[in-house]
file input_38.pdb (PDB, C-alpha atoms, pLDDT in the B column)
ATOM      1  CA  MET A 192      62.396 101.661 104.071  1.00 57.00           C
ATOM      2  CA  GLY A 193      64.087 100.317 100.965  1.00 62.00           C
ATOM      3  CA  VAL A 194      66.046  97.109 100.677  1.00 63.00           C
ATOM      4  CA  ASP A 195      69.216  99.242 100.520  1.00 71.00           C
ATOM      5  CA  ASP A 196      68.573 100.362 104.117  1.00 86.00           C
ATOM      6  CA  LEU A 197      68.444  96.781 105.365  1.00 96.00           C
ATOM      7  CA  LEU A 198      71.551  94.910 106.482  1.00 97.00           C
ATOM      8  CA  THR A 199      72.312  91.286 107.335  1.00 97.00           C
ATOM      9  CA  THR A 200      74.208  90.423 110.516  1.00 97.00           C
ATOM     10  CA  GLY A 201      77.321  90.004 108.351  1.00 97.00           C
ATOM     11  CA  LYS A 202      77.015  93.516 106.898  1.00 97.00           C
ATOM     12  CA  ILE A 203      76.255  94.972 110.339  1.00 97.00           C
ATOM     13  CA  ALA A 204      79.395  93.288 111.706  1.00 98.00           C
ATOM     14  CA  GLU A 205      81.455  94.660 108.811  1.00 97.00           C
ATOM     15  CA  LYS A 206      80.070  98.164 109.373  1.00 96.00           C
ATOM     16  CA  LEU A 207      80.743  98.058 113.137  1.00 96.00           C
ATOM     17  CA  GLY A 208      84.139  96.357 112.848  1.00 97.00           C
ATOM     18  CA  VAL A 209      83.217  93.317 114.944  1.00 97.00           C
ATOM     19  CA  SER A 210      82.713  89.636 114.202  1.00 98.00           C
ATOM     20  CA  GLN A 211      79.424  88.336 112.845  1.00 97.00           C
ATOM     21  CA  ALA A 212      79.253  85.975 115.831  1.00 97.00           C
ATOM     22  CA  LYS A 213      79.121  88.959 118.224  1.00 97.00           C
ATOM     23  CA  VAL A 214      76.317  90.582 116.237  1.00 98.00           C
ATOM     24  CA  SER A 215      74.384  87.301 116.049  1.00 97.00           C
ATOM     25  CA  LYS A 216      74.804  86.790 119.791  1.00 97.00           C
ATOM     26  CA  VAL A 217      73.353  90.249 120.576  1.00 97.00           C
ATOM     27  CA  VAL A 218      70.449  89.637 118.180  1.00 97.00           C
ATOM     28  CA  LYS A 219      69.709  86.292 119.845  1.00 97.00           C
ATOM     29  CA  GLU A 220      70.152  87.527 123.452  1.00 96.00           C
ATOM     30  CA  ARG A 221      67.934  90.564 122.930  1.00 97.00           C
ATOM     31  CA  GLY A 222      65.389  88.780 120.767  1.00 97.00           C
ATOM     32  CA  ILE A 223      65.763  91.365 118.001  1.00 97.00           C
ATOM     33  CA  GLU A 224      63.492  90.411 115.110  1.00 97.00           C
ATOM     34  CA  PRO A 225      64.567  91.214 111.545  1.00 97.00           C
ATOM     35  CA  ASP A 226      62.519  93.825 109.676  1.00 97.00           C
ATOM     36  CA  GLN A 227      62.462  91.565 106.653  1.00 95.00           C
ATOM     37  CA  LYS A 228      63.308  87.924 105.943  1.00 94.00           C
ATOM     38  CA  LYS A 229      64.431  86.367 102.709  1.00 92.00           C
ATOM     39  CA  GLY A 230      64.739  82.642 103.070  1.00 92.00           C
ATOM     40  CA  ASN A 231      66.938  82.028 106.102  1.00 91.00           C
ATOM     41  CA  CYS A 232      68.453  85.499 106.050  1.00 92.00           C
ATOM     42  CA  GLY A 233      67.238  88.306 108.303  1.00 96.00           C
ATOM     43  CA  TYR A 234      67.585  91.939 107.263  1.00 97.00           C
ATOM     44  CA  PHE A 235      67.704  94.692 109.882  1.00 97.00           C
ATOM     45  CA  GLY A 236      66.794  98.355 109.436  1.00 97.00           C
ATOM     46  CA  PRO A 237      68.731 101.396 110.713  1.00 96.00           C
ATOM     47  CA  ASP A 238      66.868 101.538 114.058  1.00 96.00           C
ATOM     48  CA  LYS A 239      67.743  97.948 114.902  1.00 97.00           C
ATOM     49  CA  VAL A 240      71.334  98.393 113.711  1.00 97.00           C
ATOM     50  CA  LYS A 241      71.570 101.279 116.196  1.00 97.00           C
ATOM     51  CA  VAL A 242      70.240  99.063 119.013  1.00 97.00           C
ATOM     52  CA  ILE A 243      72.763  96.346 118.112  1.00 97.00           C
ATOM     53  CA  ALA A 244      75.634  98.883 118.004  1.00 97.00           C
ATOM     54  CA  GLU A 245      74.685 100.272 121.429  1.00 97.00           C
ATOM     55  CA  ALA A 246      74.450  96.768 122.888  1.00 96.00           C
ATOM     56  CA  LEU A 247      77.934  95.952 121.576  1.00 96.00           C
ATOM     57  CA  LYS A 248      79.378  99.147 123.098  1.00 91.00           C
ATOM     58  CA  GLY A 249      77.983  98.122 126.485  1.00 82.00           C
ATOM     59  CA  LYS A 250      79.926  94.838 126.445  1.00 61.00           C
TER      60      LYS A 250
END

call {"tool": "encode", "arguments": {"input": "input_38.pdb", "output": "structure tokens"}}
result
Amino acid sequence: MGVDDLLTTGKIAEKLGVSQAKVSKVVKERGIEPDQKKGNCGYFGPDKVKVIAEALKGK
């Protein structure tokens, strides 16, 4: 998994067409851990992006 495959909550929100707050809320509620961390920023891989997208559809 390259760095190009990893997305921040902001990029995930942009990709899914929702607010970053909604993505962050799902991540927090579900306890989804980032695949990689750089400083304070969490980066999520394609599998976790899929989980986040499915969780948002269910709301």

call {"tool": "resolve_selection", "arguments": {"input": "input_38.pdb", "expression": "the PyMOL selection byres ((chain A and resi 197-201) around 8)", "output": "number ranges by chain"}}
result
A: 192-196, 202-205, 210-211, 214-215, 226, 232-237

call {"tool": "residues_around", "arguments": {"input": "input_38.pdb", "residues": "A:Lys239", "least_positions_apart": "6", "cutoff": "9 Å", "atoms": "only C-alpha atoms", "output": "JSON, numbers by chain"}}
result
{"A": [223, 224, 225, 226]}

call {"tool": "atom_distance", "arguments": {"input": "input_38.pdb", "atom1": "atom CA of A:Lys219", "atom2": "atom CA of A:Asp238"}}
result
16.6 Å

call {"tool": "atom_distance", "arguments": {"input": "input_38.pdb", "atom1": "atom CA of A:Ile243", "atom2": "atom CA of A:Lys228"}}
result
17.6 Å

call {"tool": "atom_distance", "arguments": {"input": "input_38.pdb", "atom1": "atom CA of A:Lys216", "atom2": "atom CA of A:Asn231"}}
result
16.5 Å

call {"tool": "residues_around", "arguments": {"input": "input_38.pdb", "residues": "A:Lys248", "least_positions_apart": "6", "cutoff": "12 Å", "atoms": "only C-alpha atoms", "output": "list in words"}}
result
Leu207, Gly208, Val209, Lys213, Val214, Val217, Lys241 and Val242 of chain A

call {"tool": "axis_aligned_box", "arguments": {"input": "input_38.pdb", "around": "stretch 221-234 of chain A", "padding_each_side": "5 Å", "output": "lines of an AutoDock Vina configuration file"}}
result
center_x = 65.5
center_y = 87.9
center_z = 112.8
size_x = 16.0
size_y = 21.8
size_z = 30.2
